[in-house]
Amino acid sequence: DNLMATNNKDLAASIVELLGGSSNISTALHCVTRLRFNLRDGSLAKLDDIRQLKGVLGAQIKDGQYQIIIGPNVNRVYDEVVPLLDSSAAADKPSSAGKIKGAQVLDIITGIFSAILPALVAGGMLKGLLALAEIFGVNTGVGTCQILSMISDVPFYFLPFLLAISAARKFKVNEYLGVCMAGALMYPAFVEAVGADPSPFTFLGIAVFPVILGVGLLAIVYHFIDRFIPDVLKMVLVPMLSLVISVPLTLLVFAPLGAYGGLELADGIVWLFSLLGPIAGFLLGFFMPLIVLFGMHQSTSPIQISNIATLGYDYLLPVSFCHNMAESGAAFGAALRMKDKELRSAALTTSFSAFLGISEPALFTVQVPNKTPLIAAMIANGIGGALTVVLGAKCYAFVMPGITSLPTYANGGAFNLLMMVVCIASTFVIAAILSFILGGKLANKH
C-alpha cells in the first residue's frame with residue numbers, strides 16, 4: 001500500500017508538472033477512468049511526455065479540456081493531485097467559487113454522476129443477485145433477503161440526496177444547502193400538490209434533472225448574494241436568502257422543466273428505437289468505441305438513470321455491456337496474433353479488464369495503436385447493439401456494464417438474462433475473430 005501511494009503521488013506530481021504546474025491548472029476533476037483538467041495556458045502542456053508516464057493509458061484534448069486516462073486507479077491518483085493544486089482548482093472543494101463555461105457543462109454532469117456510481121452500482125448489483133436467486137427458487141420475501149432487498153433500494157430511494165451532494169461539490173456550494181434543495185423537491189406536500197396523472201414527480205422521476213438544475217441555481221444565487229452581503233452577516237443571510245430565492249424558483253420552473261424533460265427524453269429514445277429498430281442499436285454500438293475514446297460515454301448516465309426511473313428499464317446499458325465485450329474480444333483476438341510476449345501479455349491483461357467492465361486500457365493500449373482491433377470492436381459492437389434490439393434485451397437496474405453486472409438482467413426474467421448472454425457472447429466472439437483476421441501486421445510487431 002505504501003509503495004502504491006508513493007507511485008500515485010509521483011505520478012500525480014509528474015502530471016501536474018507536465019501540465020505547466022499547479023498555477024496553470026484552473027480546474028481539475030475526474031470521472032470513472034480519467035483525470036480532467038482545464039488549463040490557463042495550453043501551450044505549457046506536454047501531452048507526449050504525459051503519455052510516456054507509467055500508469056497513464058493515454059492523453060488527449062477534448063473541447064479545450066485535457067483528459068488523462070488512468071483507468072480504475074484514477075481516484076487514488078486524483079487524491080494525490082488535489083493537494084498539489086491551488087485551492088480554487090480542485091472541483092471537490094466546495095468552499096471555493098468558480099464559473100462554469102459552456103464547454104464544461106458535459107464534464108460537470110459527468111462528474112456529478114461519476115461520484116455516485118459506486119452507490120448505484122452496489123444497489124443495482126444486489127437487486128440483480130436477488131432476482132437471480134428468485135429464478136432459482138429462493139424465497140426472497142422473508143428473512144435475510146428482506147434486509148438485502150432494503151439495502152438494494154437505499155441508493156435509489158435516496159438518489160435525490162446523493163445527487164444533491166455530488167452536484168453541490170461540482171457547483172462549489174455548501175453541500176448541506178444542496179441537501180435542503182433535494183429535501184424541498186422531495187417534501188410530501190410538494191409531491192402531492194402535483195396533479196398530473198401519471199405524475200413525473202415520483203421519488204425517482206424527480207431525482208435526476210430537477211435536482212441538478214435546482215442545485216445549480218442555488219450555487220448561482222449563493223455566489224451572487226455572497227458578493228454584496230457584509231462579512232459579519234454572511235453566515236446568517238447568505239444561506240437563508242439563497243434558499244428563499246432558489247427553492248421557489250426551482251419548484252415553479254426547474255422541477256417541472258427537469259421532470260417533464262426527463263420523460264420526453266425517455267420517450268424520445270423509445271421513439272428512436274421504435275422507428276429505426278436494430279439500425280439504432282447498430283449505429284449506437286458501432287460508434288460507442290469512439291464515444292468512449294473521446295470521454296463522452298459517462299454523459300449517457302443521466303439518460304440511463306432517467307429511463308430506468310420512467311420506463312422501468314433502459315436500452316442503452318445493454319449496448320454499453322456489449323461494448324466492453326467487444327473491446328475484450330478485440331484485445332483477445334489481437335493477442336493471439338502478437339509474437340512479442342510483452343505486447344501479448346498487455347493485450348490479454350487489458351482484455352480481462354474490459355471483460356470486467358473497464359474498457360479504456362484495451363482501447364488505448366491495443367485498439368487505437370494497432371487500428372485493426374478498433375475496427376473489429378466497432379463492427380462487433382454494432383452487431384451486438386443490433387442484437388440487443390432484435391432480442392429485446394433490457395437492463396432493469398443501473399450498473400457498470402461488465403460481466404459482474406450480468407445478474408442484474410435477471411430482473412427482467414430468465415429469458416431476458418438468456419438474451420443478454422447471447423448478445424454479449426456473440427459480440428465477444430465476433431470481435432475476437434475479426435481482430436484475429438484483420439490483425440496480420442500484429443504478428444510482426446516487436
# chains A, B, ... in the order shown; residues from 1 in each chain; ligands from 1
call {"tool": "select_by_dssp", "arguments": {"residues": "stretch 361-408 of chain A", "states": "helix (DSSP H, G or I)", "output": "ChimeraX atom specification"}}
result
/A:361-370,372-390,403-408
call {"tool": "residues_around", "arguments": {"residues": "stretch 354-370 of chain A", "least_positions_apart": "2", "cutoff": "10 Å", "atoms": "only C-alpha atoms", "output": "PyMOL selection string"}}
result
chain A and resi 32-34+56-59+69-72+289-290+292-293+295+320-332+334-335+343-344+346-352+372-377+400-405+428+435+439+441-442+445
call {"tool": "atom_distance", "arguments": {"atom1": "atom CA of A:Pro239", "atom2": "atom CA of A:Phe161"}}
result
18.2 Å
call {"tool": "residues_around", "arguments": {"residues": "A:Phe273", "least_positions_apart": "2", "cutoff": "12 Å", "atoms": "only C-alpha atoms", "output": "count of residues only"}}
result
25
call {"tool": "residues_around", "arguments": {"residues": "A:Lys9", "least_positions_apart": "5", "cutoff": "10 Å", "atoms": "only C-alpha atoms", "output": "list of chain:residue names"}}
result
A:Leu3, A:Met4, A:Ser14, A:Ile15, A:Arg76, A:Val77, A:Tyr78, A:Asp79, A:Glu80, A:Val81, A:Leu84
call {"tool": "closest_residue", "arguments": {"among": "A:Tyr313, A:Phe113, A:Tyr176, A:Phe37", "to": "A:Val16", "atoms": "only C-alpha atoms"}}
result
A:Phe37
call {"tool": "residues_around", "arguments": {"residues": "A:Arg36", "least_positions_apart": "2", "cutoff": "6 Å", "atoms": "only C-alpha atoms", "output": "number ranges by chain"}}
result
A: 28-30, 66-67
call {"tool": "write_last_selection", "arguments": {"atoms": "N, CA and C atoms", "output": "mmCIF file, in the first residue's frame"}}
result
data_model
loop_
_atom_site.group_PDB
_atom_site.id
_atom_site.type_symbol
_atom_site.label_atom_id
_atom_site.label_comp_id
_atom_site.auth_asym_id
_atom_site.auth_seq_id
_atom_site.Cartn_x
_atom_site.Cartn_y
_atom_site.Cartn_z
ATOM 1 N N ALA A 28 -9.807 21.048 -11.928
ATOM 2 C CA ALA A 28 -9.426 19.639 -12.012
ATOM 3 C C ALA A 28 -10.557 18.800 -11.451
ATOM 4 N N LEU A 29 -10.935 17.766 -12.189
ATOM 5 C CA LEU A 29 -11.931 16.819 -11.708
ATOM 6 C C LEU A 29 -11.642 15.471 -12.334
ATOM 7 N N HIS A 30 -12.454 14.491 -12.027
ATOM 8 C CA HIS A 30 -12.209 13.160 -12.599
ATOM 9 C C HIS A 30 -13.529 12.437 -12.795
ATOM 10 N N TYR A 66 -8.164 18.942 -20.994
ATOM 11 C CA TYR A 66 -7.069 17.970 -21.069
ATOM 12 C C TYR A 66 -7.447 16.740 -20.259
ATOM 13 N N GLN A 67 -7.585 15.611 -20.950
ATOM 14 C CA GLN A 67 -8.015 14.368 -20.325
ATOM 15 C C GLN A 67 -6.847 13.391 -20.242
#
